[in-house]
$ cat model.cif   # mmCIF, N, CA, C and O atoms
data_structure
loop_
_atom_site.group_PDB
_atom_site.id
_atom_site.type_symbol
_atom_site.label_atom_id
_atom_site.label_comp_id
_atom_site.auth_asym_id
_atom_site.auth_seq_id
_atom_site.Cartn_x
_atom_site.Cartn_y
_atom_site.Cartn_z
ATOM 1 N N MET V 1 73.313 135.751 151.383
ATOM 2 C CA MET V 1 74.734 135.476 151.349
ATOM 3 C C MET V 1 75.254 135.788 149.937
ATOM 4 O O MET V 1 74.573 135.558 148.952
ATOM 5 N N LYS V 2 76.459 136.276 149.869
ATOM 6 C CA LYS V 2 77.046 136.655 148.585
ATOM 7 C C LYS V 2 78.199 135.738 148.206
ATOM 8 O O LYS V 2 78.880 135.187 149.058
ATOM 9 N N GLU V 3 78.393 135.637 146.926
ATOM 10 C CA GLU V 3 79.476 134.859 146.345
ATOM 11 C C GLU V 3 80.414 135.862 145.662
ATOM 12 O O GLU V 3 79.954 136.861 145.107
ATOM 13 N N TYR V 4 81.710 135.611 145.692
ATOM 14 C CA TYR V 4 82.680 136.546 145.122
ATOM 15 C C TYR V 4 83.581 135.858 144.103
ATOM 16 O O TYR V 4 83.858 134.671 144.217
ATOM 17 N N LYS V 5 84.042 136.639 143.132
ATOM 18 C CA LYS V 5 84.914 136.104 142.087
ATOM 19 C C LYS V 5 85.897 137.197 141.662
ATOM 20 O O LYS V 5 85.549 138.364 141.594
ATOM 21 N N VAL V 6 87.120 136.789 141.371
ATOM 22 C CA VAL V 6 88.145 137.708 140.873
ATOM 23 C C VAL V 6 88.583 137.231 139.488
ATOM 24 O O VAL V 6 88.854 136.052 139.292
ATOM 25 N N GLU V 7 88.628 138.149 138.549
ATOM 26 C CA GLU V 7 89.158 137.865 137.207
ATOM 27 C C GLU V 7 90.428 138.691 137.055
ATOM 28 O O GLU V 7 90.457 139.872 137.422
ATOM 29 N N SER V 8 91.470 138.085 136.531
ATOM 30 C CA SER V 8 92.720 138.838 136.339
ATOM 31 C C SER V 8 93.156 138.763 134.880
ATOM 32 O O SER V 8 92.896 137.782 134.184
ATOM 33 N N PHE V 9 93.792 139.825 134.451
ATOM 34 C CA PHE V 9 94.312 139.946 133.086
ATOM 35 C C PHE V 9 95.733 140.464 133.171
ATOM 36 O O PHE V 9 96.029 141.308 134.018
ATOM 37 N N ILE V 10 96.588 140.000 132.281
ATOM 38 C CA ILE V 10 97.955 140.507 132.203
ATOM 39 C C ILE V 10 98.183 140.998 130.776
ATOM 40 O O ILE V 10 97.958 140.265 129.814
ATOM 41 N N PHE V 11 98.597 142.240 130.668
ATOM 42 C CA PHE V 11 98.922 142.828 129.367
ATOM 43 C C PHE V 11 100.346 143.362 129.430
ATOM 44 O O PHE V 11 100.743 143.962 130.421
ATOM 45 N N TYR V 12 101.095 143.113 128.357
ATOM 46 C CA TYR V 12 102.504 143.513 128.323
ATOM 47 C C TYR V 12 102.688 144.758 127.469
ATOM 48 O O TYR V 12 102.088 144.882 126.403
ATOM 49 N N THR V 13 103.523 145.651 127.961
ATOM 50 C CA THR V 13 103.839 146.843 127.195
ATOM 51 C C THR V 13 104.860 146.495 126.120
ATOM 52 O O THR V 13 105.548 145.476 126.209
ATOM 53 N N LYS V 14 104.931 147.346 125.115
ATOM 54 C CA LYS V 14 105.920 147.152 124.054
ATOM 55 C C LYS V 14 106.499 148.510 123.687
ATOM 56 O O LYS V 14 105.939 149.550 124.044
ATOM 57 N N LEU V 15 107.605 148.498 123.007
ATOM 58 C CA LEU V 15 108.213 149.751 122.587
ATOM 59 C C LEU V 15 107.406 150.334 121.427
ATOM 60 O O LEU V 15 107.289 149.720 120.364
ATOM 61 N N THR V 16 106.833 151.487 121.660
ATOM 62 C CA THR V 16 106.015 152.149 120.654
ATOM 63 C C THR V 16 105.897 153.627 121.007
ATOM 64 O O THR V 16 106.105 154.017 122.152
ATOM 65 N N PHE V 17 105.526 154.414 120.032
ATOM 66 C CA PHE V 17 105.301 155.836 120.286
ATOM 67 C C PHE V 17 103.881 156.089 120.796
ATOM 68 O O PHE V 17 103.557 157.177 121.239
ATOM 69 N N ASP V 18 103.028 155.077 120.736
ATOM 70 C CA ASP V 18 101.647 155.192 121.212
ATOM 71 C C ASP V 18 101.601 154.820 122.694
ATOM 72 O O ASP V 18 101.623 153.655 123.054
ATOM 73 N N ARG V 19 101.534 155.804 123.548
ATOM 74 C CA ARG V 19 101.571 155.518 124.981
ATOM 75 C C ARG V 19 100.272 154.919 125.504
ATOM 76 O O ARG V 19 100.202 154.469 126.640
ATOM 77 N N ASN V 20 99.224 154.891 124.692
ATOM 78 C CA ASN V 20 97.944 154.309 125.099
ATOM 79 C C ASN V 20 97.713 152.919 124.516
ATOM 80 O O ASN V 20 96.594 152.422 124.545
ATOM 81 N N HIS V 21 98.736 152.279 123.997
ATOM 82 C CA HIS V 21 98.542 151.004 123.316
ATOM 83 C C HIS V 21 98.011 149.914 124.243
ATOM 84 O O HIS V 21 97.232 149.067 123.813
ATOM 85 N N VAL V 22 98.375 149.921 125.516
ATOM 86 C CA VAL V 22 97.872 148.897 126.435
ATOM 87 C C VAL V 22 96.372 149.099 126.660
ATOM 88 O O VAL V 22 95.607 148.135 126.672
ATOM 89 N N ILE V 23 95.950 150.330 126.815
ATOM 90 C CA ILE V 23 94.525 150.618 126.989
ATOM 91 C C ILE V 23 93.745 150.178 125.757
ATOM 92 O O ILE V 23 92.702 149.523 125.860
ATOM 93 N N LYS V 24 94.246 150.502 124.595
ATOM 94 C CA LYS V 24 93.557 150.145 123.356
ATOM 95 C C LYS V 24 93.463 148.636 123.178
ATOM 96 O O LYS V 24 92.433 148.115 122.765
ATOM 97 N N SER V 25 94.526 147.918 123.489
ATOM 98 C CA SER V 25 94.522 146.471 123.277
ATOM 99 C C SER V 25 93.759 145.720 124.361
ATOM 100 O O SER V 25 93.255 144.627 124.116
ATOM 101 N N SER V 26 93.656 146.271 125.557
ATOM 102 C CA SER V 26 92.998 145.555 126.650
ATOM 103 C C SER V 26 91.498 145.818 126.747
ATOM 104 O O SER V 26 90.763 145.002 127.290
ATOM 105 N N THR V 27 91.030 146.921 126.206
ATOM 106 C CA THR V 27 89.634 147.311 126.364
ATOM 107 C C THR V 27 88.659 146.257 125.846
ATOM 108 O O THR V 27 87.705 145.901 126.540
ATOM 109 N N ALA V 28 88.880 145.741 124.668
ATOM 110 C CA ALA V 28 87.954 144.763 124.082
ATOM 111 C C ALA V 28 87.902 143.480 124.917
ATOM 112 O O ALA V 28 86.815 142.933 125.153
ATOM 113 N N GLU V 29 89.033 143.003 125.371
ATOM 114 C CA GLU V 29 89.073 141.769 126.162
ATOM 115 C C GLU V 29 88.376 141.946 127.511
ATOM 116 O O GLU V 29 87.610 141.087 127.946
ATOM 117 N N ILE V 30 88.630 143.067 128.157
ATOM 118 C CA ILE V 30 87.998 143.327 129.455
ATOM 119 C C ILE V 30 86.488 143.525 129.279
ATOM 120 O O ILE V 30 85.693 143.003 130.058
ATOM 121 N N GLN V 31 86.080 144.245 128.245
ATOM 122 C CA GLN V 31 84.652 144.458 127.991
ATOM 123 C C GLN V 31 83.939 143.132 127.744
ATOM 124 O O GLN V 31 82.834 142.909 128.235
ATOM 125 N N ALA V 32 84.562 142.234 127.008
ATOM 126 C CA ALA V 32 83.966 140.925 126.747
ATOM 127 C C ALA V 32 83.767 140.148 128.050
ATOM 128 O O ALA V 32 82.733 139.496 128.242
ATOM 129 N N LYS V 33 84.742 140.218 128.950
ATOM 130 C CA LYS V 33 84.623 139.527 130.235
ATOM 131 C C LYS V 33 83.519 140.149 131.088
ATOM 132 O O LYS V 33 82.757 139.438 131.743
ATOM 133 N N LEU V 34 83.406 141.484 131.072
ATOM 134 C CA LEU V 34 82.337 142.155 131.813
ATOM 135 C C LEU V 34 80.964 141.714 131.320
ATOM 136 O O LEU V 34 80.061 141.428 132.111
ATOM 137 N N GLU V 35 80.792 141.646 130.010
ATOM 138 C CA GLU V 35 79.513 141.232 129.433
ATOM 139 C C GLU V 35 79.212 139.774 129.761
ATOM 140 O O GLU V 35 78.078 139.423 130.094
ATOM 141 N N GLU V 36 80.227 138.925 129.689
ATOM 142 C CA GLU V 36 80.058 137.501 130.005
ATOM 143 C C GLU V 36 79.598 137.314 131.449
ATOM 144 O O GLU V 36 78.648 136.583 131.723
ATOM 145 N N ARG V 37 80.278 137.963 132.374
ATOM 146 C CA ARG V 37 79.932 137.818 133.793
ATOM 147 C C ARG V 37 78.568 138.439 134.120
ATOM 148 O O ARG V 37 77.829 137.899 134.935
ATOM 149 N N SER V 38 78.219 139.550 133.498
ATOM 150 C CA SER V 38 76.919 140.166 133.787
ATOM 151 C C SER V 38 75.775 139.274 133.320
ATOM 152 O O SER V 38 74.725 139.213 133.966
ATOM 153 N N LYS V 39 75.950 138.550 132.222
ATOM 154 C CA LYS V 39 74.927 137.605 131.762
ATOM 155 C C LYS V 39 74.734 136.470 132.759
ATOM 156 O O LYS V 39 73.659 135.883 132.828
ATOM 157 N N GLU V 40 75.776 136.157 133.518
ATOM 158 C CA GLU V 40 75.713 135.101 134.529
ATOM 159 C C GLU V 40 75.204 135.619 135.870
ATOM 160 O O GLU V 40 75.139 134.876 136.844
ATOM 161 N N GLY V 41 74.881 136.914 135.940
ATOM 162 C CA GLY V 41 74.348 137.491 137.168
ATOM 163 C C GLY V 41 75.373 138.128 138.085
ATOM 164 O O GLY V 41 75.042 138.576 139.182
ATOM 165 N N TRP V 42 76.627 138.210 137.665
ATOM 166 C CA TRP V 42 77.666 138.831 138.473
ATOM 167 C C TRP V 42 77.619 140.343 138.311
ATOM 168 O O TRP V 42 77.314 140.852 137.244
ATOM 169 N N VAL V 43 77.965 141.059 139.373
ATOM 170 C CA VAL V 43 78.007 142.520 139.368
ATOM 171 C C VAL V 43 79.442 142.950 139.675
ATOM 172 O O VAL V 43 80.046 142.472 140.639
ATOM 173 N N LEU V 44 79.968 143.859 138.870
ATOM 174 C CA LEU V 44 81.316 144.384 139.111
ATOM 175 C C LEU V 44 81.262 145.318 140.318
ATOM 176 O O LEU V 44 80.486 146.267 140.343
ATOM 177 N N VAL V 45 82.092 145.032 141.337
ATOM 178 C CA VAL V 45 82.080 145.852 142.550
ATOM 179 C C VAL V 45 83.363 146.647 142.750
ATOM 180 O O VAL V 45 83.367 147.640 143.480
ATOM 181 N N SER V 46 84.452 146.225 142.098
ATOM 182 C CA SER V 46 85.707 146.945 142.271
ATOM 183 C C SER V 46 86.686 146.531 141.177
ATOM 184 O O SER V 46 86.537 145.483 140.555
ATOM 185 N N THR V 47 87.676 147.373 140.958
ATOM 186 C CA THR V 47 88.752 147.070 140.014
ATOM 187 C C THR V 47 90.078 147.511 140.616
ATOM 188 O O THR V 47 90.110 148.324 141.543
ATOM 189 N N ASP V 48 91.143 146.989 140.052
ATOM 190 C CA ASP V 48 92.478 147.390 140.480
ATOM 191 C C ASP V 48 93.427 147.120 139.318
ATOM 192 O O ASP V 48 93.163 146.251 138.486
ATOM 193 N N ALA V 49 94.504 147.864 139.260
ATOM 194 C CA ALA V 49 95.529 147.645 138.238
ATOM 195 C C ALA V 49 96.897 147.914 138.863
ATOM 196 O O ALA V 49 97.053 148.855 139.644
ATOM 197 N N VAL V 50 97.843 147.064 138.519
ATOM 198 C CA VAL V 50 99.193 147.172 139.058
ATOM 199 C C VAL V 50 100.176 146.982 137.910
ATOM 200 O O VAL V 50 99.965 146.130 137.045
ATOM 201 N N THR V 51 101.242 147.759 137.904
ATOM 202 C CA THR V 51 102.294 147.542 136.916
ATOM 203 C C THR V 51 103.484 146.892 137.608
ATOM 204 O O THR V 51 103.803 147.195 138.757
ATOM 205 N N PHE V 52 104.104 145.983 136.889
ATOM 206 C CA PHE V 52 105.293 145.318 137.394
ATOM 207 C C PHE V 52 106.164 145.025 136.190
ATOM 208 O O PHE V 52 105.808 144.216 135.333
ATOM 209 N N GLY V 53 107.277 145.694 136.100
ATOM 210 C CA GLY V 53 108.143 145.543 134.939
ATOM 211 C C GLY V 53 107.435 146.001 133.680
ATOM 212 O O GLY V 53 106.921 147.106 133.619
ATOM 213 N N ALA V 54 107.355 145.139 132.689
ATOM 214 C CA ALA V 54 106.707 145.479 131.419
ATOM 215 C C ALA V 54 105.258 145.006 131.376
ATOM 216 O O ALA V 54 104.619 145.054 130.332
ATOM 217 N N ALA V 55 104.719 144.560 132.502
ATOM 218 C CA ALA V 55 103.362 144.023 132.523
ATOM 219 C C ALA V 55 102.414 144.932 133.305
ATOM 220 O O ALA V 55 102.814 145.594 134.258
ATOM 221 N N VAL V 56 101.162 144.927 132.873
ATOM 222 C CA VAL V 56 100.090 145.612 133.595
ATOM 223 C C VAL V 56 99.091 144.534 133.987
ATOM 224 O O VAL V 56 98.587 143.800 133.135
ATOM 225 N N TYR V 57 98.828 144.423 135.274
ATOM 226 C CA TYR V 57 97.896 143.437 135.799
ATOM 227 C C TYR V 57 96.586 144.148 136.140
ATOM 228 O O TYR V 57 96.583 145.107 136.907
ATOM 229 N N HIS V 58 95.494 143.664 135.566
ATOM 230 C CA HIS V 58 94.165 144.214 135.832
ATOM 231 C C HIS V 58 93.380 143.175 136.626
ATOM 232 O O HIS V 58 93.396 141.989 136.278
ATOM 233 N N TYR V 59 92.694 143.630 137.668
ATOM 234 C CA TYR V 59 91.871 142.740 138.481
ATOM 235 C C TYR V 59 90.449 143.288 138.498
ATOM 236 O O TYR V 59 90.234 144.479 138.747
ATOM 237 N N LEU V 60 89.488 142.410 138.243
ATOM 238 C CA LEU V 60 88.071 142.759 138.294
ATOM 239 C C LEU V 60 87.450 141.934 139.421
ATOM 240 O O LEU V 60 87.602 140.710 139.442
ATOM 241 N N TYR V 61 86.762 142.596 140.319
ATOM 242 C CA TYR V 61 86.148 141.922 141.477
ATOM 243 C C TYR V 61 84.634 141.925 141.278
ATOM 244 O O TYR V 61 84.021 142.987 141.110
ATOM 245 N N PHE V 62 84.040 140.744 141.307
ATOM 246 C CA PHE V 62 82.605 140.577 141.098
ATOM 247 C C PHE V 62 81.954 139.977 142.338
ATOM 248 O O PHE V 62 82.596 139.260 143.105
ATOM 249 N N GLU V 63 80.648 140.254 142.476
ATOM 250 C CA GLU V 63 79.864 139.589 143.507
ATOM 251 C C GLU V 63 78.513 139.203 142.936
ATOM 252 O O GLU V 63 78.056 139.776 141.938
ATOM 253 N N LYS V 64 77.908 138.213 143.574
ATOM 254 C CA LYS V 64 76.615 137.707 143.120
ATOM 255 C C LYS V 64 75.877 137.168 144.334
ATOM 256 O O LYS V 64 76.461 136.495 145.168
ATOM 257 N N SER V 65 74.600 137.476 144.417
ATOM 258 C CA SER V 65 73.784 136.940 145.510
ATOM 259 C C SER V 65 73.460 135.481 145.230
ATOM 260 O O SER V 65 73.173 135.110 144.095
ATOM 261 N N LYS V 66 73.520 134.672 146.271
ATOM 262 C CA LYS V 66 73.216 133.237 146.119
ATOM 263 C C LYS V 66 71.731 133.005 146.186
ATOM 264 O O LYS V 66 70.983 133.683 146.766
#

$ encode --input "model.cif" --output "structure tokens"
Amino acid sequence: MKEYKVESFIFYTKLTFDRNHVIKSSTAEIQAKLEERSKEGWVLVSTDAVTFGAAVYHYLYFEKSK
């Protein structure tokens, strides 16, 4: 039997000439969460990202065998 978990992150865009600023600012936080969950035995099985207004929502889907 498997156990499932969803982690979500919200990052806000800002006015800047750097169009990759959200990627640059979110990478370290998401990587830290991936490392944390993998140490606990979770495996990343899927991801998703949605934009709404000035926000970018990232979803990480994990599973773990019981």

$ closest_residue --input "model.cif" --among "V:Tyr12, V:Trp42, V:Tyr59, V:Phe52" --to "Ile30 of chain V" --atoms "only C-alpha atoms"
V:Tyr59

$ atom_distance --input "model.cif" --atom1 "atom CA of Ser8 of chain V" --atom2 "atom CA of Tyr57 of chain V"
6.9 Å

$ atom_distance --input "model.cif" --atom1 "atom O of Arg37 of chain V" --atom2 "atom N of Phe62 of chain V"
9.3 Å

$ atom_distance --input "model.cif" --atom1 "atom N of Phe9 of chain V" --atom2 "atom O of Asp48 of chain V"
7.6 Å

$ resolve_selection --input "model.cif" --expression "the PyMOL selection byres (((chain V and resi 25 and name CA) around 12) and name CA)" --output "PyMOL selection string"
chain V and resi 9-14+18-24+26-31+56

$ write_last_selection --input "model.cif" --atoms "N, CA, C and O atoms" --output "compact mmCIF listing (two decimals), in the coordinates of the input"
# COMPACT_ATOMS: atom_id res chain seq x y z
N PHE V 9 93.79 139.82 134.45
CA PHE V 9 94.31 139.95 133.09
C PHE V 9 95.73 140.46 133.17
O PHE V 9 96.03 141.31 134.02
N ILE V 10 96.59 140.00 132.28
CA ILE V 10 97.96 140.51 132.20
C ILE V 10 98.18 141.00 130.78
O ILE V 10 97.96 140.26 129.81
N PHE V 11 98.60 142.24 130.67
CA PHE V 11 98.92 142.83 129.37
C PHE V 11 100.35 143.36 129.43
O PHE V 11 100.74 143.96 130.42
N TYR V 12 101.10 143.11 128.36
CA TYR V 12 102.50 143.51 128.32
C TYR V 12 102.69 144.76 127.47
O TYR V 12 102.09 144.88 126.40
N THR V 13 103.52 145.65 127.96
CA THR V 13 103.84 146.84 127.20
C THR V 13 104.86 146.50 126.12
O THR V 13 105.55 145.48 126.21
N LYS V 14 104.93 147.35 125.12
CA LYS V 14 105.92 147.15 124.05
C LYS V 14 106.50 148.51 123.69
O LYS V 14 105.94 149.55 124.04
N ASP V 18 103.03 155.08 120.74
CA ASP V 18 101.65 155.19 121.21
C ASP V 18 101.60 154.82 122.69
O ASP V 18 101.62 153.66 123.05
N ARG V 19 101.53 155.80 123.55
CA ARG V 19 101.57 155.52 124.98
C ARG V 19 100.27 154.92 125.50
O ARG V 19 100.20 154.47 126.64
N ASN V 20 99.22 154.89 124.69
CA ASN V 20 97.94 154.31 125.10
C ASN V 20 97.71 152.92 124.52
O ASN V 20 96.59 152.42 124.54
N HIS V 21 98.74 152.28 124.00
CA HIS V 21 98.54 151.00 123.32
C HIS V 21 98.01 149.91 124.24
O HIS V 21 97.23 149.07 123.81
N VAL V 22 98.38 149.92 125.52
CA VAL V 22 97.87 148.90 126.44
C VAL V 22 96.37 149.10 126.66
O VAL V 22 95.61 148.14 126.67
N ILE V 23 95.95 150.33 126.82
CA ILE V 23 94.52 150.62 126.99
C ILE V 23 93.74 150.18 125.76
O ILE V 23 92.70 149.52 125.86
N LYS V 24 94.25 150.50 124.60
CA LYS V 24 93.56 150.15 123.36
C LYS V 24 93.46 148.64 123.18
O LYS V 24 92.43 148.12 122.76
N SER V 26 93.66 146.27 125.56
CA SER V 26 93.00 145.56 126.65
C SER V 26 91.50 145.82 126.75
O SER V 26 90.76 145.00 127.29
N THR V 27 91.03 146.92 126.21
CA THR V 27 89.63 147.31 126.36
C THR V 27 88.66 146.26 125.85
O THR V 27 87.70 145.90 126.54
N ALA V 28 88.88 145.74 124.67
CA ALA V 28 87.95 144.76 124.08
C ALA V 28 87.90 143.48 124.92
O ALA V 28 86.82 142.93 125.15
N GLU V 29 89.03 143.00 125.37
CA GLU V 29 89.07 141.77 126.16
C GLU V 29 88.38 141.95 127.51
O GLU V 29 87.61 141.09 127.95
N ILE V 30 88.63 143.07 128.16
CA ILE V 30 88.00 143.33 129.46
C ILE V 30 86.49 143.52 129.28
O ILE V 30 85.69 143.00 130.06
N GLN V 31 86.08 144.24 128.24
CA GLN V 31 84.65 144.46 127.99
C GLN V 31 83.94 143.13 127.74
O GLN V 31 82.83 142.91 128.24
N VAL V 56 101.16 144.93 132.87
CA VAL V 56 100.09 145.61 133.60
C VAL V 56 99.09 144.53 133.99
O VAL V 56 98.59 143.80 133.14

$ closest_residue --input "model.cif" --among "V:Ala32, V:Val45, V:Glu7, V:Met1" --to "Glu63 of chain V" --atoms "only C-alpha atoms"
V:Val45

$ select_by_dssp --input "model.cif" --residues "chain V" --states "strand (DSSP E)" --output "MDAnalysis selection string"
chainID V and resid 2:12 43:52 55:65

$ write_last_selection --input "model.cif" --atoms "N, CA, C and O atoms" --output "CSV table (one decimal), in the coordinates of the input"
chain,number,residue,atom,x,y,z
V,2,LYS,N,76.5,136.3,149.9
V,2,LYS,CA,77.0,136.7,148.6
V,2,LYS,C,78.2,135.7,148.2
V,2,LYS,O,78.9,135.2,149.1
V,3,GLU,N,78.4,135.6,146.9
V,3,GLU,CA,79.5,134.9,146.3
V,3,GLU,C,80.4,135.9,145.7
V,3,GLU,O,80.0,136.9,145.1
V,4,TYR,N,81.7,135.6,145.7
V,4,TYR,CA,82.7,136.5,145.1
V,4,TYR,C,83.6,135.9,144.1
V,4,TYR,O,83.9,134.7,144.2
V,5,LYS,N,84.0,136.6,143.1
V,5,LYS,CA,84.9,136.1,142.1
V,5,LYS,C,85.9,137.2,141.7
V,5,LYS,O,85.5,138.4,141.6
V,6,VAL,N,87.1,136.8,141.4
V,6,VAL,CA,88.1,137.7,140.9
V,6,VAL,C,88.6,137.2,139.5
V,6,VAL,O,88.9,136.1,139.3
V,7,GLU,N,88.6,138.1,138.5
V,7,GLU,CA,89.2,137.9,137.2
V,7,GLU,C,90.4,138.7,137.1
V,7,GLU,O,90.5,139.9,137.4
V,8,SER,N,91.5,138.1,136.5
V,8,SER,CA,92.7,138.8,136.3
V,8,SER,C,93.2,138.8,134.9
V,8,SER,O,92.9,137.8,134.2
V,9,PHE,N,93.8,139.8,134.5
V,9,PHE,CA,94.3,139.9,133.1
V,9,PHE,C,95.7,140.5,133.2
V,9,PHE,O,96.0,141.3,134.0
V,10,ILE,N,96.6,140.0,132.3
V,10,ILE,CA,98.0,140.5,132.2
V,10,ILE,C,98.2,141.0,130.8
V,10,ILE,O,98.0,140.3,129.8
V,11,PHE,N,98.6,142.2,130.7
V,11,PHE,CA,98.9,142.8,129.4
V,11,PHE,C,100.3,143.4,129.4
V,11,PHE,O,100.7,144.0,130.4
V,12,TYR,N,101.1,143.1,128.4
V,12,TYR,CA,102.5,143.5,128.3
V,12,TYR,C,102.7,144.8,127.5
V,12,TYR,O,102.1,144.9,126.4
V,43,VAL,N,78.0,141.1,139.4
V,43,VAL,CA,78.0,142.5,139.4
V,43,VAL,C,79.4,143.0,139.7
V,43,VAL,O,80.0,142.5,140.6
V,44,LEU,N,80.0,143.9,138.9
V,44,LEU,CA,81.3,144.4,139.1
V,44,LEU,C,81.3,145.3,140.3
V,44,LEU,O,80.5,146.3,140.3
V,45,VAL,N,82.1,145.0,141.3
V,45,VAL,CA,82.1,145.9,142.6
V,45,VAL,C,83.4,146.6,142.8
V,45,VAL,O,83.4,147.6,143.5
V,46,SER,N,84.5,146.2,142.1
V,46,SER,CA,85.7,146.9,142.3
V,46,SER,C,86.7,146.5,141.2
V,46,SER,O,86.5,145.5,140.6
V,47,THR,N,87.7,147.4,141.0
V,47,THR,CA,88.8,147.1,140.0
V,47,THR,C,90.1,147.5,140.6
V,47,THR,O,90.1,148.3,141.5
V,48,ASP,N,91.1,147.0,140.1
V,48,ASP,CA,92.5,147.4,140.5
V,48,ASP,C,93.4,147.1,139.3
V,48,ASP,O,93.2,146.3,138.5
V,49,ALA,N,94.5,147.9,139.3
V,49,ALA,CA,95.5,147.6,138.2
V,49,ALA,C,96.9,147.9,138.9
V,49,ALA,O,97.1,148.9,139.6
V,50,VAL,N,97.8,147.1,138.5
V,50,VAL,CA,99.2,147.2,139.1
V,50,VAL,C,100.2,147.0,137.9
V,50,VAL,O,100.0,146.1,137.0
V,51,THR,N,101.2,147.8,137.9
V,51,THR,CA,102.3,147.5,136.9
V,51,THR,C,103.5,146.9,137.6
V,51,THR,O,103.8,147.2,138.8
V,52,PHE,N,104.1,146.0,136.9
V,52,PHE,CA,105.3,145.3,137.4
V,52,PHE,C,106.2,145.0,136.2
V,52,PHE,O,105.8,144.2,135.3
V,55,ALA,N,104.7,144.6,132.5
V,55,ALA,CA,103.4,144.0,132.5
V,55,ALA,C,102.4,144.9,133.3
V,55,ALA,O,102.8,145.6,134.3
V,56,VAL,N,101.2,144.9,132.9
V,56,VAL,CA,100.1,145.6,133.6
V,56,VAL,C,99.1,144.5,134.0
V,56,VAL,O,98.6,143.8,133.1
V,57,TYR,N,98.8,144.4,135.3
V,57,TYR,CA,97.9,143.4,135.8
V,57,TYR,C,96.6,144.1,136.1
V,57,TYR,O,96.6,145.1,136.9
V,58,HIS,N,95.5,143.7,135.6
V,58,HIS,CA,94.2,144.2,135.8
V,58,HIS,C,93.4,143.2,136.6
V,58,HIS,O,93.4,142.0,136.3
V,59,TYR,N,92.7,143.6,137.7
V,59,TYR,CA,91.9,142.7,138.5
V,59,TYR,C,90.4,143.3,138.5
V,59,TYR,O,90.2,144.5,138.7
V,60,LEU,N,89.5,142.4,138.2
V,60,LEU,CA,88.1,142.8,138.3
V,60,LEU,C,87.4,141.9,139.4
V,60,LEU,O,87.6,140.7,139.4
V,61,TYR,N,86.8,142.6,140.3
V,61,TYR,CA,86.1,141.9,141.5
V,61,TYR,C,84.6,141.9,141.3
V,61,TYR,O,84.0,143.0,141.1
V,62,PHE,N,84.0,140.7,141.3
V,62,PHE,CA,82.6,140.6,141.1
V,62,PHE,C,82.0,140.0,142.3
V,62,PHE,O,82.6,139.3,143.1
V,63,GLU,N,80.6,140.3,142.5
V,63,GLU,CA,79.9,139.6,143.5
V,63,GLU,C,78.5,139.2,142.9
V,63,GLU,O,78.1,139.8,141.9
V,64,LYS,N,77.9,138.2,143.6
V,64,LYS,CA,76.6,137.7,143.1
V,64,LYS,C,75.9,137.2,144.3
V,64,LYS,O,76.5,136.5,145.2
V,65,SER,N,74.6,137.5,144.4
V,65,SER,CA,73.8,136.9,145.5
V,65,SER,C,73.5,135.5,145.2
V,65,SER,O,73.2,135.1,144.1

$ resolve_selection --input "model.cif" --expression "the PyMOL selection byres ((chain V and resi 2) around 7)" --output "ChimeraX atom specification"
/V:1,3-4,63-66

$ select_by_dssp --input "model.cif" --residues "segment 9-57 of chain V" --states "alpha helix (DSSP H)" --output "count of residues only"
19

$ closest_residue --input "model.cif" --among "V:Lys33, V:Thr47, V:Ser38, V:Leu15" --to "Leu60 of chain V" --atoms "only N, CA, C and O atoms"
V:Thr47

$ closest_residue --input "model.cif" --among "V:Phe17, V:Leu44, V:Glu36, V:Ala55" --to "Lys5 of chain V" --atoms "only C-alpha atoms"
V:Leu44
